[in-house]
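Have a look at the structure below, then the notes.
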Amino acid sequence: MTNRFDKIATEWDNKPSRVDLANKFCAKVLSLTNLNQTKIALDYGTGTGLILQRIQPYVSRIFGFDNSEEMLKVLQQKIDANNLANVEIKKHDIDKEIVGKGEFDLIVSNMTLHHIKDTQQFFEKCFEALRPEGELVIGDLITEDSTFHDPPNLGIFHLGFCSDDIMELMQKAGFIDVSVEIYHTIKKEDKEYPLFSAYGKHP
Ligand SMILES: C[S@@+](CC[C@H](N)C(=O)[O-])C[C@H]1O[C@@H](n2cnc3c(N)ncnc32)[C@H](O)[C@@H]1O
């Protein structure tokens, strides 16, 4: 057991709000991008694959990277049970390794950015991993007051983000056609947590 996600992996998919968010985020990805059966995609911070399994039918191959072995084990069970031949998973830590070099047409990442300390490096590594005209779609929280996660808040480096900062990080990494919008709001105990989607393209 090395991180908080290892401990909650087997229960991750049981929360209906996570599945609902995955549906909303993937609908946003499909509306922002131009996917077809020739494209190679990566779901970064794939976890149990809630995003990966919804994007998989629209692309030729999809990779899932994550640094939690236990989350990836749950995903591997889904791959085996559903005979998903075009899916490959890899234990990967963004803090220590490159993501790739010109390998992907699409990178998606949902609710992972706030767990990554060096966000500029994350965008630079995604940029390096994309092919020319490759697309990136990130989903995460708009700045929150630290009440979103139940304690213990281990492994959370950012209490959400403001749209302008995300745009700046992406443009600085080299992305063009950058846009950020609020696409959904999670309601929890009378509080509202808006979520953004950020889109950028490799030139
Ligand atoms: C909040 S979960 C989101 C999982 C999935 N994207 C979803 O929407 O259900 C964040 C994921 O990011 C992964 N993660 C956190 N920090 C990471 C890092 N430094 N490198 C790779 N993966 C990381 C965690 O293991 C976890 O599976």
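Chain labels A, B, ... are given in the sequence in which chains occur in the structure tokens; within each chain residues are numbered consecutively from 1, and ligands are likewise numbered from 1 in the order shown.
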- Taking the chain letters and numbering used in this document, name the residues of stretch 5-191 of chain A that DSSP puts in helix (DSSP H, G or I), as a PyMOL selection string. chain A and resi 5-14+16-32+52-58+69-81+113-115+119-129+163-173
Which residues of stretch 65-94 of chain A come within 7 Å of stretch 26-48 of chain A, and for each one, what is the closest pair of atoms and their distance in Å to one decimal, counting only C-alpha atoms, sorted by chain and residue number, as a Markdown table?
| residue | atom | partner | partner_atom | distance |
| --- | --- | --- | --- | --- |
| A:Phe65 | CA | A:Tyr44 | CA | 5.2 |
| A:Asp66 | CA | A:Gly45 | CA | 4.6 |
| A:Met71 | CA | A:Gly47 | CA | 4.9 |
| A:Leu72 | CA | A:Thr48 | CA | 6.0 |
| A:Val74 | CA | A:Thr48 | CA | 5.6 |
| A:Leu75 | CA | A:Thr48 | CA | 4.5 |
Selection above as a file: N, CA and C atoms, as a compact mmCIF listing (two decimals), in the first residue's frame:
# COMPACT_ATOMS: atom_id res chain seq x y z
N PHE A 65 -2.75 5.39 -17.55
CA PHE A 65 -1.57 5.50 -16.67
C PHE A 65 -2.04 5.95 -15.29
N ASP A 66 -1.43 5.39 -14.26
CA ASP A 66 -1.76 5.78 -12.89
C ASP A 66 -0.65 5.26 -11.98
N MET A 71 -5.65 0.66 -7.81
CA MET A 71 -6.64 1.20 -8.75
C MET A 71 -6.48 0.47 -10.10
N LEU A 72 -5.22 0.29 -10.51
CA LEU A 72 -4.97 -0.37 -11.80
C LEU A 72 -5.41 -1.85 -11.77
N VAL A 74 -8.06 -3.00 -10.23
CA VAL A 74 -9.51 -2.97 -10.48
C VAL A 74 -9.77 -2.78 -11.97
N LEU A 75 -9.00 -1.88 -12.58
CA LEU A 75 -9.17 -1.65 -14.02
C LEU A 75 -8.81 -2.91 -14.82
Quick one: residues within 8 Å of ligand 1, with only C-alpha atoms and all ligand atoms, as an mmCIF file with N, CA and C atoms, in the first residue's frame?
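So out_20.cif came out as:
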data_model
loop_
_atom_site.group_PDB
_atom_site.id
_atom_site.type_symbol
_atom_site.label_atom_id
_atom_site.label_comp_id
_atom_site.auth_asym_id
_atom_site.auth_seq_id
_atom_site.Cartn_x
_atom_site.Cartn_y
_atom_site.Cartn_z
ATOM 1 N N ASN A 3 -0.300 4.550 -1.492
ATOM 2 C CA ASN A 3 -0.979 5.848 -1.470
ATOM 3 C C ASN A 3 -2.457 5.699 -1.110
ATOM 4 N N ARG A 4 -3.120 6.832 -0.912
ATOM 5 C CA ARG A 4 -4.511 6.801 -0.440
ATOM 6 C C ARG A 4 -5.444 6.100 -1.424
ATOM 7 N N PHE A 5 -5.099 6.142 -2.719
ATOM 8 C CA PHE A 5 -5.969 5.500 -3.709
ATOM 9 C C PHE A 5 -5.873 3.982 -3.636
ATOM 10 N N ASP A 6 -4.710 3.466 -3.235
ATOM 11 C CA ASP A 6 -4.586 2.016 -3.047
ATOM 12 C C ASP A 6 -5.639 1.529 -2.051
ATOM 13 N N TRP A 12 -14.033 2.413 -5.177
ATOM 14 C CA TRP A 12 -14.076 3.656 -5.962
ATOM 15 C C TRP A 12 -15.338 3.781 -6.820
ATOM 16 N N ASP A 13 -15.688 2.718 -7.512
ATOM 17 C CA ASP A 13 -16.807 2.782 -8.471
ATOM 18 C C ASP A 13 -18.178 2.723 -7.802
ATOM 19 N N ARG A 18 -19.458 9.620 -8.565
ATOM 20 C CA ARG A 18 -18.231 9.476 -9.376
ATOM 21 C C ARG A 18 -18.580 8.983 -10.785
ATOM 22 N N VAL A 19 -19.542 8.075 -10.833
ATOM 23 C CA VAL A 19 -19.963 7.536 -12.130
ATOM 24 C C VAL A 19 -20.679 8.640 -12.924
ATOM 25 N N LEU A 21 -20.193 11.853 -12.609
ATOM 26 C CA LEU A 21 -19.176 12.807 -13.062
ATOM 27 C C LEU A 21 -18.423 12.263 -14.280
ATOM 28 N N ALA A 22 -18.108 10.958 -14.254
ATOM 29 C CA ALA A 22 -17.415 10.346 -15.400
ATOM 30 C C ALA A 22 -18.267 10.489 -16.663
ATOM 31 N N ASP A 43 -5.549 8.079 -20.961
ATOM 32 C CA ASP A 43 -6.297 8.612 -19.812
ATOM 33 C C ASP A 43 -5.291 8.709 -18.668
ATOM 34 N N TYR A 44 -4.883 9.939 -18.330
ATOM 35 C CA TYR A 44 -3.856 10.089 -17.293
ATOM 36 C C TYR A 44 -4.499 10.178 -15.905
ATOM 37 N N GLY A 45 -4.016 9.353 -14.972
ATOM 38 C CA GLY A 45 -4.652 9.258 -13.650
ATOM 39 C C GLY A 45 -5.950 8.497 -13.824
ATOM 40 N N THR A 46 -5.847 7.405 -14.585
ATOM 41 C CA THR A 46 -7.036 6.652 -15.004
ATOM 42 C C THR A 46 -7.780 6.003 -13.847
ATOM 43 N N GLY A 47 -7.067 5.701 -12.751
ATOM 44 C CA GLY A 47 -7.718 5.061 -11.607
ATOM 45 C C GLY A 47 -8.312 3.727 -12.004
ATOM 46 N N THR A 48 -9.606 3.548 -11.719
ATOM 47 C CA THR A 48 -10.297 2.301 -12.068
ATOM 48 C C THR A 48 -10.842 2.344 -13.502
ATOM 49 N N GLY A 49 -10.498 3.401 -14.240
ATOM 50 C CA GLY A 49 -10.855 3.459 -15.656
ATOM 51 C C GLY A 49 -12.247 3.978 -15.961
ATOM 52 N N LEU A 50 -12.849 4.733 -15.035
ATOM 53 C CA LEU A 50 -14.205 5.250 -15.301
ATOM 54 C C LEU A 50 -14.231 6.093 -16.587
ATOM 55 N N ILE A 51 -13.158 6.834 -16.833
ATOM 56 C CA ILE A 51 -13.101 7.652 -18.057
ATOM 57 C C ILE A 51 -12.661 6.771 -19.229
ATOM 58 N N PHE A 65 -2.750 5.386 -17.546
ATOM 59 C CA PHE A 65 -1.575 5.502 -16.671
ATOM 60 C C PHE A 65 -2.040 5.948 -15.292
ATOM 61 N N ASP A 66 -1.427 5.393 -14.265
ATOM 62 C CA ASP A 66 -1.765 5.776 -12.891
ATOM 63 C C ASP A 66 -0.650 5.264 -11.982
ATOM 64 N N ASN A 67 -0.460 5.946 -10.841
ATOM 65 C CA ASN A 67 0.596 5.456 -9.935
ATOM 66 C C ASN A 67 0.056 4.587 -8.799
ATOM 67 N N SER A 68 -1.244 4.276 -8.819
ATOM 68 C CA SER A 68 -1.804 3.395 -7.786
ATOM 69 C C SER A 68 -1.986 1.986 -8.335
ATOM 70 N N GLU A 69 -1.200 1.083 -7.798
ATOM 71 C CA GLU A 69 -1.268 -0.310 -8.246
ATOM 72 C C GLU A 69 -2.658 -0.907 -8.028
ATOM 73 N N MET A 71 -5.650 0.659 -7.813
ATOM 74 C CA MET A 71 -6.643 1.202 -8.755
ATOM 75 C C MET A 71 -6.476 0.475 -10.102
ATOM 76 N N LEU A 72 -5.224 0.289 -10.515
ATOM 77 C CA LEU A 72 -4.973 -0.375 -11.801
ATOM 78 C C LEU A 72 -5.408 -1.846 -11.774
ATOM 79 N N LYS A 91 1.625 1.348 -14.725
ATOM 80 C CA LYS A 91 1.903 2.094 -13.496
ATOM 81 C C LYS A 91 2.893 3.200 -13.856
ATOM 82 N N HIS A 92 2.535 4.423 -13.571
ATOM 83 C CA HIS A 92 3.320 5.565 -14.040
ATOM 84 C C HIS A 92 3.212 6.691 -13.032
ATOM 85 N N ASP A 93 4.327 7.311 -12.728
ATOM 86 C CA ASP A 93 4.302 8.458 -11.821
ATOM 87 C C ASP A 93 4.770 9.695 -12.573
ATOM 88 N N ILE A 94 3.866 10.636 -12.744
ATOM 89 C CA ILE A 94 4.148 11.863 -13.506
ATOM 90 C C ILE A 94 5.311 12.645 -12.905
ATOM 91 N N ASP A 95 5.533 12.489 -11.593
ATOM 92 C CA ASP A 95 6.609 13.246 -10.948
ATOM 93 C C ASP A 95 7.986 12.718 -11.350
ATOM 94 N N SER A 109 -7.770 13.676 -18.707
ATOM 95 C CA SER A 109 -7.413 13.484 -17.305
ATOM 96 C C SER A 109 -8.496 14.114 -16.444
ATOM 97 N N ASN A 110 -9.127 13.289 -15.628
ATOM 98 C CA ASN A 110 -10.249 13.772 -14.814
ATOM 99 C C ASN A 110 -9.924 13.695 -13.326
ATOM 100 N N MET A 111 -10.008 14.824 -12.645
ATOM 101 C CA MET A 111 -9.861 14.919 -11.176
ATOM 102 C C MET A 111 -8.502 14.418 -10.687
ATOM 103 N N THR A 112 -7.506 14.550 -11.525
ATOM 104 C CA THR A 112 -6.155 14.089 -11.155
ATOM 105 C C THR A 112 -5.216 15.268 -10.912
ATOM 106 N N LEU A 113 -5.456 16.372 -11.617
ATOM 107 C CA LEU A 113 -4.523 17.510 -11.545
ATOM 108 C C LEU A 113 -4.311 18.013 -10.114
ATOM 109 N N HIS A 115 -4.054 16.414 -7.566
ATOM 110 C CA HIS A 115 -3.174 15.494 -6.835
ATOM 111 C C HIS A 115 -1.734 15.584 -7.332
ATOM 112 N N ILE A 116 -1.478 16.442 -8.294
ATOM 113 C CA ILE A 116 -0.145 16.537 -8.886
ATOM 114 C C ILE A 116 0.507 17.844 -8.446
ATOM 115 N N LYS A 117 1.659 17.696 -7.807
ATOM 116 C CA LYS A 117 2.309 18.866 -7.198
ATOM 117 C C LYS A 117 2.719 19.890 -8.267
ATOM 118 N N GLY A 155 -2.295 13.648 -0.093
ATOM 119 C CA GLY A 155 -2.057 13.625 -1.529
ATOM 120 C C GLY A 155 -2.808 14.686 -2.307
#
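The residues of stretch 33-118 of chain A that DSSP classifies as strand (DSSP E), using the backbone of this structure, are Ile40, Ala41, Leu42, Asp43, Tyr44, Arg61, Ile62, Phe63, Gly64, Phe65, Asp66, Val87, Glu88, Ile89, Lys90, Lys91, Phe104, Asp105, Leu106, Ile107, Val108, Ser109 and Asn110 of chain A.
Candidate residues A:Val87, A:Gln76, A:Val137, A:Ala129 were compared for distance to A:Val99, and the nearest is A:Ala129, using only C-alpha atoms.
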- Item | Pick from A:Ala9, A:Ala173, A:Ala198, A:Ile156 nearest to A:Leu136, counting only C-alpha atoms | A:Ala198
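If you measure from each of A:Asp150, A:Asp165, A:Glu189, A:Glu124 to A:Lys101 using only C-alpha atoms, the closest one turns out to be A:Glu124.
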- Message: as a ChimeraX atom specification, please: the residues near A:His114 (cut-off 12 Å, only C-alpha atoms, same-chain neighbours under 6 positions excluded).
- Response: /A:45,122,138-144,146,148-149,153-162,166,195
What does the file look like for those residues with C-alpha atoms, as an mmCIF file, in the first residue's frame?
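Wrote it out as result-v2.cif, contents follow:
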data_model
loop_
_atom_site.group_PDB
_atom_site.id
_atom_site.type_symbol
_atom_site.label_atom_id
_atom_site.label_comp_id
_atom_site.auth_asym_id
_atom_site.auth_seq_id
_atom_site.Cartn_x
_atom_site.Cartn_y
_atom_site.Cartn_z
ATOM 1 C CA GLY A 45 -4.652 9.258 -13.650
ATOM 2 C CA PHE A 122 2.241 17.952 -15.958
ATOM 3 C CA ILE A 138 -8.583 18.117 -18.354
ATOM 4 C CA GLY A 139 -11.411 18.111 -15.837
ATOM 5 C CA ASP A 140 -10.977 19.317 -12.272
ATOM 6 C CA LEU A 141 -12.300 21.508 -9.489
ATOM 7 C CA ILE A 142 -12.551 25.256 -9.512
ATOM 8 C CA THR A 143 -10.884 26.688 -6.374
ATOM 9 C CA GLU A 144 -12.612 25.264 -3.276
ATOM 10 C CA SER A 146 -10.852 22.548 1.435
ATOM 11 C CA PHE A 148 -14.509 18.897 -1.014
ATOM 12 C CA HIS A 149 -12.495 15.883 0.144
ATOM 13 C CA ASN A 153 -6.728 14.909 2.710
ATOM 14 C CA LEU A 154 -3.509 13.118 1.896
ATOM 15 C CA GLY A 155 -2.057 13.625 -1.529
ATOM 16 C CA ILE A 156 -3.985 16.794 -2.319
ATOM 17 C CA PHE A 157 -1.655 19.509 -3.512
ATOM 18 C CA HIS A 158 -4.192 22.049 -4.829
ATOM 19 C CA LEU A 159 -7.583 23.183 -3.537
ATOM 20 C CA GLY A 160 -8.884 23.402 -7.084
ATOM 21 C CA PHE A 161 -7.775 25.957 -9.652
ATOM 22 C CA CYS A 162 -8.851 29.249 -11.149
ATOM 23 C CA ILE A 166 -5.058 26.846 -15.978
ATOM 24 C CA LEU A 195 -15.891 21.840 -12.157
#
- Message: With only C-alpha atoms as the counted atoms, please give the residues lying no more than 12 Å from A:Glu128, apart from itself and same-chain residues fewer than 5 positions off, as a PyMOL selection string.
- Response: chain A and resi 98-105+107+121-123+133-136+173-175+201-203
- Task: Find the distance between atom CA of A:Gln56 and atom CA of A:Glu88 and write it in Å to one decimal.
- Result: 10.7 Å
